[in-house]
Amino acid sequence: MQKERDPLNLSSLPSVAPPDDGWPHIRAALEKRQRRQRWTRYSGSVLGLAAALMLAVGLFIQQPVTEDAVAPPQALESLISLSQQLESRIRTYRSEVGDLPTEALVYQVELEDLVAQVDEALSMNPDSTELWSQRINLMLDLSKLYQNQLRRDYSRMASI
């Protein structure tokens, strides 16, 4: 009868506890990673919004220009030339990079909106060196955004 209930005589073996499960550690690591990614996205969004707000405030709150601060025509021409060079560089970057990832796309749109606002102000005051300088700074930021994406793409390709 004993043989029928326990034909392999397993009841005579000593009791052994199973090894610890590794899933709680994996779950904790994944949750930690998700929290870090969520925090990174949130802080990046807040930082981008703060930068856009500061640039917008800077556009609308301008220092009055005194007669001593008027730049010679040569400086204005060099600012316009630099702006045109940056536009050409950005066009080249756009063709090389293609579509930007979503995170970078948000910054690109914000920067291009600010450039459009400066362009509108320049249409009313085309001799303003301050506006041309703001435009150049925005274009430099936009150019850096594309350069960083090209570096990331190159790093990915080099690691393959």
# chains A, B, ... in the order shown; residues from 1 in each chain; ligands from 1

$ closest_atom_pairs --of "segment 79-110 of chain A" --to "segment 34-53 of chain A" --cutoff "10 Å" --atoms "only C-alpha atoms" --output "tab-separated table"
residue	atom	partner	partner_atom	distance
A:Glu103	CA	A:Arg41	CA	8.1
A:Val106	CA	A:Gly48	CA	8.4
A:Tyr107	CA	A:Gly48	CA	6.7
A:Glu110	CA	A:Ala52	CA	6.7

$ residues_around --residues "Leu122 of chain A" --least-positions-apart "3" --cutoff "12 Å" --atoms "only C-alpha atoms" --output "list in words"
Leu59, Ile80, Val115, Ala116, Gln117, Val118, Asp119, Asn125, Pro126, Asp127, Ser128, Thr129, Glu130, Leu131, Trp132, Ser133, Gln134 and Arg135 of chain A

$ closest_residue --among "A:Leu8, A:Leu82, A:Leu30, A:Ala104" --to "Leu142 of chain A" --atoms "only C-alpha atoms"
A:Ala104

$ atom_distance --atom1 "atom CA of Asp99 of chain A" --atom2 "atom CA of Ser143 of chain A"
14.5 Å

$ residues_around --residues "Gln149 of chain A" --least-positions-apart "4" --cutoff "12 Å" --atoms "only C-alpha atoms" --output "number ranges by chain"
A: 93-94, 96-105, 108, 142-145, 153-156

$ closest_residue --among "A:Met139, A:Met124, A:Leu76, A:Ala29" --to "Leu111 of chain A" --atoms "only C-alpha atoms"
A:Met139

$ select_by_dssp --residues "chain A" --states "alpha helix (DSSP H)" --output "MDAnalysis selection string"
chainID A and resid 2:5 23:60 73:97 102:124 129:159

$ write_last_selection --atoms "C-alpha atoms" --output "CSV table (one decimal), in the first residue's frame"
chain,number,residue,atom,x,y,z
A,2,GLN,CA,2.9,2.3,0.8
A,3,LYS,CA,4.3,1.7,-2.7
A,4,GLU,CA,1.1,2.7,-4.3
A,5,ARG,CA,0.9,6.1,-2.6
A,23,TRP,CA,12.0,38.7,-9.2
A,24,PRO,CA,11.6,41.2,-6.4
A,25,HIS,CA,15.1,42.5,-7.1
A,26,ILE,CA,14.4,42.8,-10.8
A,27,ARG,CA,11.0,44.6,-10.1
A,28,ALA,CA,12.8,47.0,-7.7
A,29,ALA,CA,15.5,47.8,-10.3
A,30,LEU,CA,12.9,48.4,-13.0
A,31,GLU,CA,10.8,50.6,-10.8
A,32,LYS,CA,13.9,52.6,-9.8
A,33,ARG,CA,14.8,53.0,-13.5
A,34,GLN,CA,11.2,54.1,-14.4
A,35,ARG,CA,11.2,56.7,-11.6
A,36,ARG,CA,14.6,58.1,-12.8
A,37,GLN,CA,13.3,58.3,-16.4
A,38,ARG,CA,10.1,60.0,-15.2
A,39,TRP,CA,12.1,62.5,-13.2
A,40,THR,CA,14.4,63.2,-16.1
A,41,ARG,CA,11.5,63.8,-18.5
A,42,TYR,CA,9.8,66.1,-16.0
A,43,SER,CA,13.0,68.1,-15.1
A,44,GLY,CA,13.9,68.4,-18.8
A,45,SER,CA,10.4,69.7,-19.6
A,46,VAL,CA,10.5,72.2,-16.7
A,47,LEU,CA,14.0,73.3,-17.7
A,48,GLY,CA,12.9,73.8,-21.3
A,49,LEU,CA,9.8,75.7,-20.3
A,50,ALA,CA,11.9,78.0,-17.9
A,51,ALA,CA,14.4,78.7,-20.7
A,52,ALA,CA,11.6,79.5,-23.2
A,53,LEU,CA,10.0,81.8,-20.6
A,54,MET,CA,13.2,83.6,-19.9
A,55,LEU,CA,13.9,84.2,-23.6
A,56,ALA,CA,10.3,85.4,-24.1
A,57,VAL,CA,10.6,87.8,-21.2
A,58,GLY,CA,13.9,89.0,-22.5
A,59,LEU,CA,12.3,89.8,-25.8
A,60,PHE,CA,9.5,91.9,-24.3
A,73,PRO,CA,26.6,99.9,-39.7
A,74,GLN,CA,29.5,97.5,-40.0
A,75,ALA,CA,28.6,95.7,-36.8
A,76,LEU,CA,25.0,95.4,-38.0
A,77,GLU,CA,26.1,94.0,-41.3
A,78,SER,CA,28.3,91.4,-39.6
A,79,LEU,CA,25.4,90.4,-37.3
A,80,ILE,CA,23.2,89.9,-40.4
A,81,SER,CA,25.9,87.9,-42.2
A,82,LEU,CA,26.4,85.7,-39.1
A,83,SER,CA,22.7,85.1,-38.9
A,84,GLN,CA,22.5,84.1,-42.6
A,85,GLN,CA,25.5,81.7,-42.1
A,86,LEU,CA,23.7,80.1,-39.1
A,87,GLU,CA,20.5,79.7,-41.1
A,88,SER,CA,22.5,77.9,-43.9
A,89,ARG,CA,24.2,75.6,-41.3
A,90,ILE,CA,20.9,74.7,-39.7
A,91,ARG,CA,19.4,73.8,-43.1
A,92,THR,CA,22.4,71.5,-43.7
A,93,TYR,CA,21.9,69.9,-40.2
A,94,ARG,CA,18.2,69.4,-40.8
A,95,SER,CA,18.9,67.5,-44.0
A,96,GLU,CA,21.6,65.3,-42.2
A,97,VAL,CA,19.6,64.7,-39.0
A,102,THR,CA,10.4,63.7,-29.3
A,103,GLU,CA,12.4,65.3,-26.4
A,104,ALA,CA,14.6,67.3,-28.8
A,105,LEU,CA,11.6,68.2,-31.0
A,106,VAL,CA,10.0,70.1,-28.2
A,107,TYR,CA,13.0,72.3,-27.8
A,108,GLN,CA,13.3,72.7,-31.6
A,109,VAL,CA,9.8,74.0,-31.9
A,110,GLU,CA,10.2,76.3,-28.9
A,111,LEU,CA,13.4,77.8,-30.4
A,112,GLU,CA,11.9,78.2,-33.8
A,113,ASP,CA,8.9,80.0,-32.3
A,114,LEU,CA,11.2,82.4,-30.5
A,115,VAL,CA,13.1,83.0,-33.7
A,116,ALA,CA,9.8,83.8,-35.4
A,117,GLN,CA,9.0,86.3,-32.7
A,118,VAL,CA,12.4,88.0,-33.0
A,119,ASP,CA,11.9,88.0,-36.8
A,120,GLU,CA,8.6,89.8,-36.4
A,121,ALA,CA,10.2,92.4,-34.1
A,122,LEU,CA,13.1,92.8,-36.6
A,123,SER,CA,10.5,93.5,-39.4
A,124,MET,CA,9.5,96.5,-37.3
A,129,THR,CA,21.6,95.1,-33.0
A,130,GLU,CA,20.0,93.8,-29.8
A,131,LEU,CA,17.4,91.9,-31.8
A,132,TRP,CA,19.9,90.6,-34.3
A,133,SER,CA,22.0,89.4,-31.3
A,134,GLN,CA,19.0,87.6,-29.8
A,135,ARG,CA,18.3,86.0,-33.2
A,136,ILE,CA,21.9,84.8,-33.5
A,137,ASN,CA,21.8,83.3,-29.9
A,138,LEU,CA,18.6,81.5,-30.7
A,139,MET,CA,20.0,80.2,-33.9
A,140,LEU,CA,23.2,79.0,-32.1
A,141,ASP,CA,21.0,77.1,-29.6
A,142,LEU,CA,19.1,75.5,-32.5
A,143,SER,CA,22.4,74.6,-34.2
A,144,LYS,CA,23.7,73.0,-31.0
A,145,LEU,CA,20.5,71.0,-30.7
A,146,TYR,CA,21.1,69.5,-34.2
A,147,GLN,CA,24.9,69.0,-33.5
A,148,ASN,CA,24.1,67.0,-30.4
A,149,GLN,CA,21.7,64.8,-32.3
A,150,LEU,CA,24.4,64.2,-35.0
A,151,ARG,CA,26.8,63.2,-32.2
A,152,ARG,CA,24.3,60.8,-30.7
A,153,ASP,CA,23.7,59.2,-34.1
A,154,TYR,CA,27.4,58.9,-34.8
A,155,SER,CA,28.0,57.3,-31.4
A,156,ARG,CA,25.2,54.8,-32.0
A,157,MET,CA,26.7,53.9,-35.4
A,158,ALA,CA,30.2,53.7,-34.0
A,159,SER,CA,29.1,51.3,-31.3
